[in-house]
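Below: one structure, written as structure tokens.
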Amino acid sequence: MDAMEVILSRRSIRRYMPDPLPEEAIRRVLEAGMAAPSAGDERPWHFVVITDKEMLAQIPTFHSLSRFVPNAAAAILVCADLFLSKYPPADYWVQDCSAATQNILLAAHATGLGAVWLGVHPEKKRIEGFRRLCLLPDSVVPFSLVSLGFPAVRKEKDPRFDPSRVHRDRWTPAEDTGTRGGETT
Ligand SMILES: Cc1cc2nc3c(=O)[nH]c(=O)nc-3n(C[C@H](O)[C@H](O)[C@H](O)COP(=O)(O)O)c2cc1C
């Protein structure tokens with residue numbers, strides 16, 4: 001698959017085969033995560049690779065949308081170390097960790113794995129849950145979780161290109177495009 005095909009065919013996969021992931025597969029997706037762009041090249045990320053079945057089983061007790069995570073072969077907790085943030089109080093680590101998360105999703109799909117981005121930050125209960133589960137220091141914020149495994153389902157592409165969301169030079173009025181545009185004169 002070329003890069004465009006990987007981007008356009010990626011879907012969230014929530015059903016996994018029971019097989020464990022080879023270490024090489026985990027390393028590849030982490031390499032992709034760490035290749036992401038970041039503000040001023042600050043690279044504020046740390047990654048906690050969770051493969052312990054008992055730990056995976058605890059995640060749904062504090063994350064309401066993670067029912068399928070105990071069946072994943074692994075989950076990667078994408079975290080930010082606030083001491084590595086170069087521009088406080090600007091929170092660019094959110095964008096940095098988003099880019100890393102998306103790179104992990106794309107690398108997983110490109111290498112034949114199924115994956116889902118599970119939101120953690122800014123949900124307090126989820127942040128506290130991962131802090132306790134993974135013994136994170138106070139300066140480290142869990143940002144997202146990516147569940148991973150060999151896919152047990154296939155999903156079709158879901159084409160989403162919507163020309164009404166595209167504006168050329170100036171904002172196109174909402175009545176012409178169906179978007180929630182502002183007032184125009
Ligand atoms: C910030 C963010 C948080 C998400 N949180 C969850 C989650 O907690 N649980 C889940 O099952 N999916 C979660 N998703 C996945 C979305 O539901 C999914 O990407 C969306 O429905 C589009 O489907 P697709 O990924 O197959 O294209 C999240 C996605 C993003 C970007």
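Residue numbering restarts at 1 in every chain; chains get A, B, ... in the order shown in the structure tokens, and ligands count up from 1 in that same order.
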With the cut-off set at 12 Å and counting only C-alpha atoms, tabulate each residue of range 118-177 of chain A with an atom at most that distance from an atom of range 49-53 of chain A, showing the nearest atom pair and its distance in Å to one decimal, ordered by chain and increasing number, as a tab-separated table.
```
residue	atom	partner	partner_atom	distance
A:Phe130	CA	A:Ile50	CA	11.0
A:Leu133	CA	A:Ile50	CA	10.1
A:Cys134	CA	A:Ile50	CA	8.7
A:Leu145	CA	A:Val49	CA	9.7
A:Val146	CA	A:Val49	CA	9.6
A:Ser147	CA	A:Ile50	CA	9.2
A:Leu148	CA	A:Thr51	CA	9.9
A:Gly149	CA	A:Thr51	CA	10.7
```
> Got a sec to check which residues lie within 6 Å of ligand 1, using only C-alpha atoms and all ligand atoms, and send them as a PyMOL selection string?
Replying inline: chain A and resi 11-12+65-66+116-119
>> Give me the residues near range 28-45 of chain A as a list of chain:residue names, where near means some atom within 7 Å (using only C-alpha atoms) and where sequence neighbours in that chain fewer than 6 positions away do not count.
In response: A:Val78, A:Cys79, A:Ala80, A:Asp81, A:Leu84, A:Ser85, A:Lys86, A:Tyr92, A:Trp93, A:Asp96, A:Cys97, A:Ala99, A:Ala100, A:Thr101, A:Asn103, A:Ile104, A:Ala107, A:Ala108
Those residues with C-alpha atoms, as a short mmCIF file (atom, residue, chain, number, x, y, z; two decimals), in the first residue's frame please?
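Saved the output as result.cif:
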```cif
data_model
loop_
_atom_site.label_atom_id
_atom_site.label_comp_id
_atom_site.auth_asym_id
_atom_site.auth_seq_id
_atom_site.Cartn_x
_atom_site.Cartn_y
_atom_site.Cartn_z
CA VAL A 78 0.95 7.75 24.56
CA CYS A 79 2.08 10.14 27.29
CA ALA A 80 3.57 13.63 27.49
CA ASP A 81 6.35 14.56 29.89
CA LEU A 84 9.95 18.29 27.95
CA SER A 85 7.46 20.93 26.82
CA LYS A 86 9.44 23.88 25.40
CA TYR A 92 1.68 22.10 22.17
CA TRP A 93 2.27 18.66 23.66
CA ASP A 96 2.57 16.59 19.34
CA CYS A 97 1.00 13.56 20.99
CA ALA A 99 0.55 13.48 15.63
CA ALA A 100 2.40 10.59 17.31
CA THR A 101 -0.89 8.76 17.91
CA ASN A 103 1.41 7.92 13.08
CA ILE A 104 1.03 4.81 15.26
CA ALA A 107 1.90 2.34 10.85
CA ALA A 108 -0.27 -0.33 12.47
#
```
>> DSSP on the backbone, strand (DSSP E) only: what residues of range 29-138 of chain A does that give? Format it as a ChimeraX atom specification.
In response: /A:45-50,74-81,114-119
>> I want to know what sits within 9 Å of Asp158 in chain A, based on only C-alpha atoms, with residues of the same chain fewer than 2 positions away left out; could you give that as a ChimeraX atom specification?
In response: /A:8-11,155-156,160
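The gap separating CA of Val141 in chain A from CA of Ala74 in chain A is 19.7 Å, in Å to one decimal.
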>> Considering only C-alpha atoms, can you say which of A:Gly129, A:Gly114, A:Pro137, A:Pro151 comes closest to Phe83 in chain A?
In response: A:Pro137
